[in-house]
file protein.txt (compact mmCIF, C-alpha atoms and all ligand atoms)
# COMPACT_ATOMS: atom_id res chain seq x y z
CA MET J 29 94.63 100.18 101.79
CA ARG J 30 94.64 96.86 99.95
CA TYR J 31 94.68 97.29 96.19
CA LEU J 32 93.81 94.58 93.69
CA VAL J 33 96.17 95.01 90.72
CA LEU J 34 95.21 93.73 87.26
CA THR J 35 97.16 94.12 84.03
CA ASP J 36 97.11 92.73 80.49
CA ILE J 37 93.71 91.07 80.75
CA HIS J 38 93.48 90.94 76.95
CA ALA J 39 89.78 90.11 76.69
CA ASN J 40 90.22 86.81 78.54
CA LEU J 41 87.06 86.69 80.66
CA GLU J 42 87.77 83.24 82.13
CA ALA J 43 91.17 84.37 83.43
CA LEU J 44 89.77 87.64 84.80
CA ASP J 45 86.93 85.87 86.61
CA ALA J 46 89.37 83.36 88.10
CA CYS J 47 91.52 86.20 89.48
CA LEU J 48 88.47 87.99 90.91
CA ALA J 49 87.27 84.77 92.57
CA HIS J 50 90.78 84.06 93.89
CA ALA J 51 91.05 87.60 95.29
CA ALA J 52 87.52 87.68 96.72
CA SER J 53 88.49 86.28 100.13
CA ARG J 54 91.66 88.36 100.34
CA GLY J 55 90.11 91.64 101.36
CA CYS J 56 90.78 94.10 98.53
CA GLU J 57 89.34 97.58 98.99
CA ALA J 58 90.12 99.17 95.63
CA THR J 59 91.27 98.17 92.14
CA LEU J 60 94.14 99.37 89.95
CA VAL J 61 94.25 98.46 86.24
CA LEU J 62 97.48 98.83 84.24
CA GLY J 63 96.11 98.61 80.71
CA ASP J 64 95.57 96.20 77.82
CA LEU J 65 92.06 95.24 78.83
CA VAL J 66 91.37 94.03 75.30
CA GLY J 67 93.11 92.58 72.25
CA TYR J 68 93.91 88.85 71.56
CA GLY J 69 91.00 87.34 73.51
CA ALA J 70 87.38 86.74 72.53
CA ASP J 71 85.51 88.71 75.21
CA PRO J 72 86.35 92.42 74.85
CA ASN J 73 82.88 93.73 75.76
CA ALA J 74 82.41 91.45 78.77
CA VAL J 75 85.89 92.31 80.09
CA VAL J 76 85.28 96.06 79.77
CA GLU J 77 81.96 95.59 81.55
CA ARG J 78 83.65 93.67 84.41
CA VAL J 79 86.41 96.25 84.78
CA GLN J 80 83.92 99.13 84.82
CA ALA J 81 81.98 97.33 87.56
CA LEU J 82 85.16 97.15 89.66
CA LYS J 83 85.27 100.98 89.59
CA PRO J 84 89.07 101.21 89.47
CA VAL J 85 90.48 104.08 91.52
CA ALA J 86 93.27 104.32 88.94
CA ILE J 87 93.47 102.90 85.43
CA VAL J 88 95.78 103.56 82.49
CA ARG J 89 95.48 102.52 78.86
CA GLY J 90 97.65 99.97 77.09
CA ASN J 91 98.90 99.87 73.51
CA HIS J 92 96.27 97.28 72.54
CA ASP J 93 93.48 99.41 74.03
CA LYS J 94 94.58 102.34 71.85
CA VAL J 95 94.57 100.29 68.64
CA ALA J 96 91.39 98.38 69.49
CA CYS J 97 89.39 101.57 70.03
CA GLY J 98 90.78 103.22 66.92
CA ILE J 99 92.88 106.06 68.37
CA ASP J 100 96.19 104.49 67.29
CA GLN J 101 97.35 102.49 64.27
CA ALA J 102 98.55 98.89 64.45
CA GLU J 103 101.93 99.78 62.89
CA GLY J 104 104.11 98.14 65.54
CA PHE J 105 101.89 95.04 65.69
CA ASN J 106 102.62 91.70 64.05
CA ALA J 107 100.02 90.14 61.74
CA VAL J 108 98.31 88.17 64.51
CA ALA J 109 98.02 91.15 66.87
CA ARG J 110 96.77 93.33 63.99
CA HIS J 111 94.11 90.75 63.08
CA ALA J 112 92.95 90.59 66.71
CA ALA J 113 92.93 94.39 67.04
CA ARG J 114 90.80 94.78 63.91
CA TRP J 115 88.40 92.10 65.13
CA THR J 116 88.19 93.78 68.57
CA LEU J 117 87.47 97.18 67.01
CA GLU J 118 84.50 95.65 65.16
CA GLN J 119 83.22 93.82 68.24
CA LEU J 120 83.38 96.62 70.81
CA THR J 121 80.15 98.51 71.41
CA PRO J 122 80.41 102.23 70.58
CA ASP J 123 80.10 103.05 74.30
CA TYR J 124 82.99 100.77 75.29
CA ARG J 125 85.10 102.00 72.38
CA GLU J 126 84.61 105.57 73.59
CA TRP J 127 85.35 104.61 77.17
CA LEU J 128 88.60 102.91 76.15
CA ALA J 129 89.56 105.92 74.01
CA ALA J 130 89.19 108.18 77.04
CA LEU J 131 91.48 106.13 79.31
CA PRO J 132 94.50 108.17 80.44
CA ALA J 133 98.11 107.47 79.51
CA GLY J 134 100.31 106.57 82.47
CA PRO J 135 102.12 107.11 84.69
CA THR J 136 99.52 107.86 87.35
CA GLU J 137 100.40 108.50 90.98
CA VAL J 138 98.00 106.58 93.22
CA ASP J 139 99.23 107.58 96.68
CA ASP J 140 102.51 108.34 98.49
CA LEU J 141 103.73 104.77 98.06
CA LEU J 142 102.84 103.84 94.52
CA GLU J 143 102.30 104.81 90.93
CA ILE J 144 101.13 102.79 87.94
CA CYS J 145 101.94 102.71 84.22
CA HIS J 146 101.45 100.32 81.31
CA GLY J 147 104.92 99.98 79.79
CA SER J 148 107.23 102.26 81.73
CA PRO J 149 107.00 105.61 83.52
CA PHE J 150 108.96 107.36 80.75
CA ASP J 151 106.98 105.95 77.81
CA GLU J 152 103.67 104.09 78.08
CA ASP J 153 104.65 101.88 75.12
CA ALA J 154 108.24 101.04 76.18
CA TYR J 155 109.09 97.58 77.50
CA ILE J 156 110.97 96.93 80.75
CA PHE J 157 112.76 93.62 80.29
CA ASP J 158 116.13 93.87 81.99
CA GLU J 159 117.93 95.69 84.75
CA LEU J 160 119.14 98.42 82.40
CA ASP J 161 115.55 99.20 81.41
CA ALA J 162 114.59 99.11 85.08
CA VAL J 163 117.28 101.58 86.15
CA ARG J 164 116.13 103.99 83.45
CA ALA J 165 112.52 103.65 84.59
CA LEU J 166 113.40 104.09 88.27
CA LYS J 167 115.11 107.39 87.45
CA VAL J 168 111.79 108.73 86.19
CA SER J 169 109.40 107.15 88.70
CA THR J 170 108.27 109.42 91.53
CA ARG J 171 107.18 106.84 94.08
CA PRO J 172 108.99 104.08 96.03
CA LEU J 173 106.87 101.50 94.18
CA CYS J 174 106.05 101.64 90.47
CA LEU J 175 103.75 98.95 89.08
CA PHE J 176 103.92 98.17 85.37
CA GLY J 177 102.72 95.63 82.81
CA HIS J 178 103.12 95.26 79.02
CA THR J 179 105.74 92.45 78.95
CA HIS J 180 103.33 89.84 80.36
CA TYR J 181 106.22 88.65 82.50
CA PRO J 182 106.11 88.81 86.31
CA VAL J 183 109.21 90.43 87.74
CA THR J 184 110.37 92.46 90.73
CA PHE J 185 113.28 94.90 90.49
CA GLU J 186 114.64 96.21 93.78
CA LEU J 187 117.03 99.17 93.75
CA SER J 188 119.02 99.71 96.95
CA ASP J 189 121.87 102.24 97.11
CA GLU J 190 123.59 101.51 93.82
CA THR J 191 122.71 97.85 93.37
CA ILE J 192 119.72 96.48 91.53
CA GLU J 193 118.34 93.00 92.00
CA SER J 194 115.62 91.20 90.12
CA ILE J 195 113.38 88.28 90.96
CA GLY J 196 111.66 86.72 87.98
CA SER J 197 108.89 84.20 87.59
CA THR J 198 108.75 81.31 90.08
CA PRO J 199 106.58 78.16 90.12
CA ALA J 200 105.05 79.27 93.44
CA SER J 201 101.38 80.18 93.41
CA GLU J 202 102.02 82.95 95.92
CA MET J 203 104.97 85.26 96.56
CA ARG J 204 105.47 88.23 98.85
CA VAL J 205 107.68 91.25 98.36
CA GLN J 206 108.32 93.47 101.35
CA ILE J 207 108.88 97.12 100.46
CA ARG J 208 111.98 98.05 102.44
CA ASP J 209 112.75 101.58 103.59
CA GLY J 210 115.31 103.30 101.40
CA CYS J 211 114.73 100.93 98.46
CA ARG J 212 112.78 101.55 95.28
CA TYR J 213 110.76 98.98 93.41
CA LEU J 214 109.49 98.28 89.96
CA ILE J 215 107.06 95.37 89.90
CA ASN J 216 105.15 93.67 87.10
CA PRO J 217 102.45 91.34 88.52
CA GLY J 218 102.35 89.42 85.22
CA SER J 219 99.47 89.12 82.79
CA VAL J 220 95.94 88.12 83.76
CA GLY J 221 94.86 86.96 80.31
CA GLN J 222 97.96 86.00 78.31
CA PRO J 223 100.93 85.00 80.53
CA ARG J 224 104.23 84.61 78.67
CA ASP J 225 106.55 83.23 81.34
CA GLY J 226 105.84 79.58 80.59
CA ASP J 227 103.20 79.35 83.30
CA PRO J 228 99.65 79.32 81.90
CA ARG J 229 98.05 80.38 85.18
CA ALA J 230 96.55 83.87 85.36
CA ALA J 231 98.71 86.36 87.26
CA TYR J 232 97.69 89.29 89.45
CA ALA J 233 98.79 91.12 92.58
CA ILE J 234 97.53 92.71 95.77
CA VAL J 235 99.36 95.70 97.25
CA ASP J 236 98.92 96.28 100.96
CA THR J 237 100.08 99.85 101.56
CA SER J 238 99.91 99.79 105.38
CA GLU J 239 101.95 96.55 105.52
CA ARG J 240 104.15 97.90 102.68
CA ARG J 241 103.88 94.55 100.96
CA VAL J 242 103.12 93.25 97.47
CA GLU J 243 101.49 89.82 97.19
CA LEU J 244 101.90 88.12 93.80
CA PHE J 245 99.45 85.36 92.91
CA ARG J 246 98.85 82.77 90.19
CA ALA J 247 95.36 81.40 89.67
CA THR J 248 94.32 78.46 87.51
CA TYR J 249 91.41 79.06 85.15
CA PRO J 250 89.53 77.07 82.48
CA VAL J 251 92.02 77.66 79.63
CA GLU J 252 90.04 75.36 77.27
CA ALA J 253 86.95 77.58 77.56
CA ALA J 254 88.92 80.71 76.61
CA GLN J 255 90.58 78.79 73.76
CA ALA J 256 87.26 77.53 72.39
CA LYS J 257 85.89 81.07 72.25
CA ILE J 258 88.97 82.30 70.35
CA ILE J 259 88.56 79.54 67.74
CA GLU J 260 84.80 80.10 67.57
CA ALA J 261 85.35 83.82 66.95
CA GLY J 262 87.64 83.09 64.01
CA LEU J 263 90.64 84.71 65.70
CA PRO J 264 94.10 83.29 64.82
CA GLU J 265 94.48 79.80 66.31
CA VAL J 266 97.92 80.62 67.69
CA LEU J 267 96.19 82.93 70.20
CA ALA J 268 94.36 79.91 71.61
CA GLN J 269 97.41 77.63 71.50
CA ARG J 270 99.69 80.00 73.41
CA LEU J 271 97.29 80.17 76.38
CA ALA J 272 97.91 76.48 77.11
CA VAL J 273 101.67 76.95 77.38
CA GLY J 274 101.78 80.45 78.80
CA ARG J 275 104.00 81.79 75.98
ZN ZN P 1 99.62 93.39 76.80
call {"tool": "encode", "arguments": {"input": "protein.txt", "output": "structure tokens", "more": "lines below"}}
Ligand code: ZN
result
Amino acid sequence: MRYLVLTDIHANLEALDACLAHAASRGCEATLVLGDLVGYGADPNAVVERVQALKPVAIVRGNHDKVACGIDQAEGFNAVARHAARWTLEQLTPDYREWLAALPAGPTEVDDLLEICHGSPFDEDAYIFDELDAVRALKVSTRPLCLFGHTHYPVTFELSDETIESIGSTPASEMRVQIRDGCRYLINPGSVGQPRDGDPRAAYAIVDTSERRVELFRATYPVEAAQAKIIEAGLPEVLAQRLAVGR
């Protein structure tokens, strides 16, 4: 099976469409979505519509989805995120709000090889930044490969015997990770709609379970178009500015 993996789309339709176009010729058979479909960007309804059309075989909610559909409070959010969440809540159609509210919390086991979560397998809202976080998460994960999002930072952690290694963001537009027997992996493909690793290109992944391989991609998209919509919507300008620098 070849899975298309999307996370942290954040209502950025231009970035999502660029990833779908980029992936179109790469033979994906099913889609996995790791949460934060909305929040920050100007196209929450269109992004939910696109994701529904992809008919994900597994999808989990993110912290922004919970606040934007009204089932959680914006307590942990800064002023900008809170503003965007309130705006998103007003924009979402009642149907899409309900659909987002019904999304399951992770982790979700997809098959024998992989499971997905938003933040980490022990807490959907926890962040995995460093190797210590990764070791803790790998203790809880039930599959050789656990895919996560939430930090908007592409990273691969590989645990073999007692050593853990990490590979962070690279300037390459394509990277492959081979899943080795006896090792366990925690991989964040990076964010589709609001990358924060200094690379403004949209990030996504394809997992090939028969080849036991994860392919990590970066796709350019019309950043200016997404920025113009954010300004037009009256969302905080910083949300437009950060897209250009990928921070
Ligand atoms: Zn996010």
call {"tool": "residues_near_ligand", "arguments": {"input": "protein.txt", "ligand": "ligand ZN 1 (chain P)", "cutoff": "6 Å", "atoms": "all atoms listed in the file", "output": "ChimeraX atom specification"}}
result
/J:36,64,178
call {"tool": "residues_around", "arguments": {"input": "protein.txt", "residues": "Pro132 of chain J", "least_positions_apart": "4", "cutoff": "8 Å", "atoms": "all atoms listed in the file", "output": "list in words"}}
result
Ile87, Val88 and Arg89 of chain J
call {"tool": "residues_near_point", "arguments": {"input": "protein.txt", "point": "(101.0, 86.9, 82.4)", "cutoff": "7 Å", "atoms": "only C-alpha atoms", "output": "list of chain:residue names"}}
result
J:His180, J:Tyr181, J:Pro182, J:Gly218, J:Ser219, J:Val220, J:Gly221, J:Gln222, J:Pro223, J:Arg224, J:Asp225, J:Ala230, J:Ala231
call {"tool": "residues_around", "arguments": {"input": "protein.txt", "residues": "segment 248-253 of chain J", "least_positions_apart": "4", "cutoff": "6 Å", "atoms": "all atoms listed in the file", "output": "PyMOL selection string"}}
result
chain J and resi 43+46+229
call {"tool": "atom_distance", "arguments": {"input": "protein.txt", "atom1": "atom CA of Pro264 of chain J", "atom2": "atom CA of Ala107 of chain J"}}
result
9.6 Å
call {"tool": "decode", "arguments": {"input": "protein.txt", "residues": "segment 157-188 of chain J", "atoms": "N, CA and C atoms", "output": "PDB file, in the first residue's frame"}}
result
ATOM      1  N   PHE J 157       9.870  17.188  20.309  1.00  0.00           N
ATOM      2  CA  PHE J 157      10.922  18.036  19.732  1.00  0.00           C
ATOM      3  C   PHE J 157      12.268  17.326  19.690  1.00  0.00           C
ATOM      4  N   ASP J 158      12.637  16.705  20.831  1.00  0.00           N
ATOM      5  CA  ASP J 158      13.999  16.167  20.908  1.00  0.00           C
ATOM      6  C   ASP J 158      14.000  14.658  21.126  1.00  0.00           C
ATOM      7  N   GLU J 159      15.203  14.128  21.282  1.00  0.00           N
ATOM      8  CA  GLU J 159      15.340  12.675  21.382  1.00  0.00           C
ATOM      9  C   GLU J 159      14.735  12.117  22.659  1.00  0.00           C
ATOM     10  N   LEU J 160      14.741  12.936  23.715  1.00  0.00           N
ATOM     11  CA  LEU J 160      14.125  12.512  24.976  1.00  0.00           C
ATOM     12  C   LEU J 160      12.614  12.326  24.797  1.00  0.00           C
ATOM     13  N   ASP J 161      11.996  13.312  24.140  1.00  0.00           N
ATOM     14  CA  ASP J 161      10.555  13.212  23.835  1.00  0.00           C
ATOM     15  C   ASP J 161      10.299  11.974  22.978  1.00  0.00           C
ATOM     16  N   ALA J 162      11.205  11.745  22.026  1.00  0.00           N
ATOM     17  CA  ALA J 162      11.016  10.641  21.079  1.00  0.00           C
ATOM     18  C   ALA J 162      11.104   9.289  21.780  1.00  0.00           C
ATOM     19  N   VAL J 163      12.041   9.156  22.699  1.00  0.00           N
ATOM     20  CA  VAL J 163      12.186   7.890  23.434  1.00  0.00           C
ATOM     21  C   VAL J 163      10.916   7.602  24.226  1.00  0.00           C
ATOM     22  N   ARG J 164      10.385   8.643  24.857  1.00  0.00           N
ATOM     23  CA  ARG J 164       9.154   8.503  25.639  1.00  0.00           C
ATOM     24  C   ARG J 164       7.996   8.064  24.736  1.00  0.00           C
ATOM     25  N   ALA J 165       7.927   8.664  23.556  1.00  0.00           N
ATOM     26  CA  ALA J 165       6.848   8.330  22.620  1.00  0.00           C
ATOM     27  C   ALA J 165       7.003   6.906  22.085  1.00  0.00           C
ATOM     28  N   LEU J 166       8.237   6.511  21.810  1.00  0.00           N
ATOM     29  CA  LEU J 166       8.473   5.178  21.256  1.00  0.00           C
ATOM     30  C   LEU J 166       8.146   4.070  22.252  1.00  0.00           C
ATOM     31  N   LYS J 167       8.209   4.408  23.552  1.00  0.00           N
ATOM     32  CA  LYS J 167       7.832   3.423  24.576  1.00  0.00           C
ATOM     33  C   LYS J 167       6.346   3.103  24.510  1.00  0.00           C
ATOM     34  N   VAL J 168       5.563   4.078  24.075  1.00  0.00           N
ATOM     35  CA  VAL J 168       4.108   3.930  24.055  1.00  0.00           C
ATOM     36  C   VAL J 168       3.609   3.428  22.701  1.00  0.00           C
ATOM     37  N   SER J 169       4.350   3.728  21.635  1.00  0.00           N
ATOM     38  CA  SER J 169       3.853   3.377  20.296  1.00  0.00           C
ATOM     39  C   SER J 169       3.857   1.858  20.124  1.00  0.00           C
ATOM     40  N   THR J 170       2.893   1.379  19.354  1.00  0.00           N
ATOM     41  CA  THR J 170       2.666  -0.066  19.234  1.00  0.00           C
ATOM     42  C   THR J 170       3.085  -0.622  17.876  1.00  0.00           C
ATOM     43  N   ARG J 171       3.596   0.256  17.013  1.00  0.00           N
ATOM     44  CA  ARG J 171       3.967  -0.167  15.674  1.00  0.00           C
ATOM     45  C   ARG J 171       5.422   0.233  15.385  1.00  0.00           C
ATOM     46  N   PRO J 172       6.078  -0.443  14.427  1.00  0.00           N
ATOM     47  CA  PRO J 172       7.470  -0.062  14.106  1.00  0.00           C
ATOM     48  C   PRO J 172       7.593   1.389  13.631  1.00  0.00           C
ATOM     49  N   LEU J 173       6.521   1.905  13.024  1.00  0.00           N
ATOM     50  CA  LEU J 173       6.560   3.270  12.488  1.00  0.00           C
ATOM     51  C   LEU J 173       5.381   4.073  13.028  1.00  0.00           C
ATOM     52  N   CYS J 174       5.707   5.163  13.713  1.00  0.00           N
ATOM     53  CA  CYS J 174       4.658   6.060  14.222  1.00  0.00           C
ATOM     54  C   CYS J 174       4.828   7.415  13.541  1.00  0.00           C
ATOM     55  N   LEU J 175       3.783   7.854  12.849  1.00  0.00           N
ATOM     56  CA  LEU J 175       3.804   9.148  12.166  1.00  0.00           C
ATOM     57  C   LEU J 175       3.127  10.182  13.046  1.00  0.00           C
ATOM     58  N   PHE J 176       3.752  11.363  13.163  1.00  0.00           N
ATOM     59  CA  PHE J 176       3.172  12.416  14.000  1.00  0.00           C
ATOM     60  C   PHE J 176       3.323  13.778  13.327  1.00  0.00           C
ATOM     61  N   GLY J 177       2.666  14.779  13.890  1.00  0.00           N
ATOM     62  CA  GLY J 177       2.745  16.141  13.363  1.00  0.00           C
ATOM     63  C   GLY J 177       2.938  17.127  14.506  1.00  0.00           C
ATOM     64  N   HIS J 178       2.179  18.223  14.478  1.00  0.00           N
ATOM     65  CA  HIS J 178       2.045  19.162  15.600  1.00  0.00           C
ATOM     66  C   HIS J 178       3.186  20.177  15.728  1.00  0.00           C
ATOM     67  N   THR J 179       4.455  19.758  15.514  1.00  0.00           N
ATOM     68  CA  THR J 179       5.569  20.704  15.662  1.00  0.00           C
ATOM     69  C   THR J 179       5.837  21.475  14.369  1.00  0.00           C
ATOM     70  N   HIS J 180       5.275  21.027  13.268  1.00  0.00           N
ATOM     71  CA  HIS J 180       5.482  21.653  11.952  1.00  0.00           C
ATOM     72  C   HIS J 180       6.950  21.571  11.532  1.00  0.00           C
ATOM     73  N   TYR J 181       7.638  20.574  12.044  1.00  0.00           N
ATOM     74  CA  TYR J 181       9.068  20.450  11.795  1.00  0.00           C
ATOM     75  C   TYR J 181       9.369  19.026  11.324  1.00  0.00           C
ATOM     76  N   PRO J 182       9.846  18.863  10.075  1.00  0.00           N
ATOM     77  CA  PRO J 182      10.107  17.504   9.598  1.00  0.00           C
ATOM     78  C   PRO J 182      11.284  16.874  10.332  1.00  0.00           C
ATOM     79  N   VAL J 183      11.082  15.666  10.815  1.00  0.00           N
ATOM     80  CA  VAL J 183      12.163  14.980  11.529  1.00  0.00           C
ATOM     81  C   VAL J 183      11.915  13.472  11.513  1.00  0.00           C
ATOM     82  N   THR J 184      13.015  12.728  11.500  1.00  0.00           N
ATOM     83  CA  THR J 184      12.957  11.269  11.604  1.00  0.00           C
ATOM     84  C   THR J 184      13.775  10.838  12.812  1.00  0.00           C
ATOM     85  N   PHE J 185      13.166  10.103  13.724  1.00  0.00           N
ATOM     86  CA  PHE J 185      13.906   9.489  14.827  1.00  0.00           C
ATOM     87  C   PHE J 185      13.969   7.990  14.555  1.00  0.00           C
ATOM     88  N   GLU J 186      15.174   7.435  14.652  1.00  0.00           N
ATOM     89  CA  GLU J 186      15.339   5.992  14.457  1.00  0.00           C
ATOM     90  C   GLU J 186      15.931   5.391  15.727  1.00  0.00           C
ATOM     91  N   LEU J 187      15.200   4.446  16.310  1.00  0.00           N
ATOM     92  CA  LEU J 187      15.664   3.787  17.536  1.00  0.00           C
ATOM     93  C   LEU J 187      16.132   2.387  17.192  1.00  0.00           C
ATOM     94  N   SER J 188      17.441   2.124  17.408  1.00  0.00           N
ATOM     95  CA  SER J 188      17.967   0.783  17.172  1.00  0.00           C
ATOM     96  C   SER J 188      18.676   0.340  18.440  1.00  0.00           C
TER      97      SER J 188
END
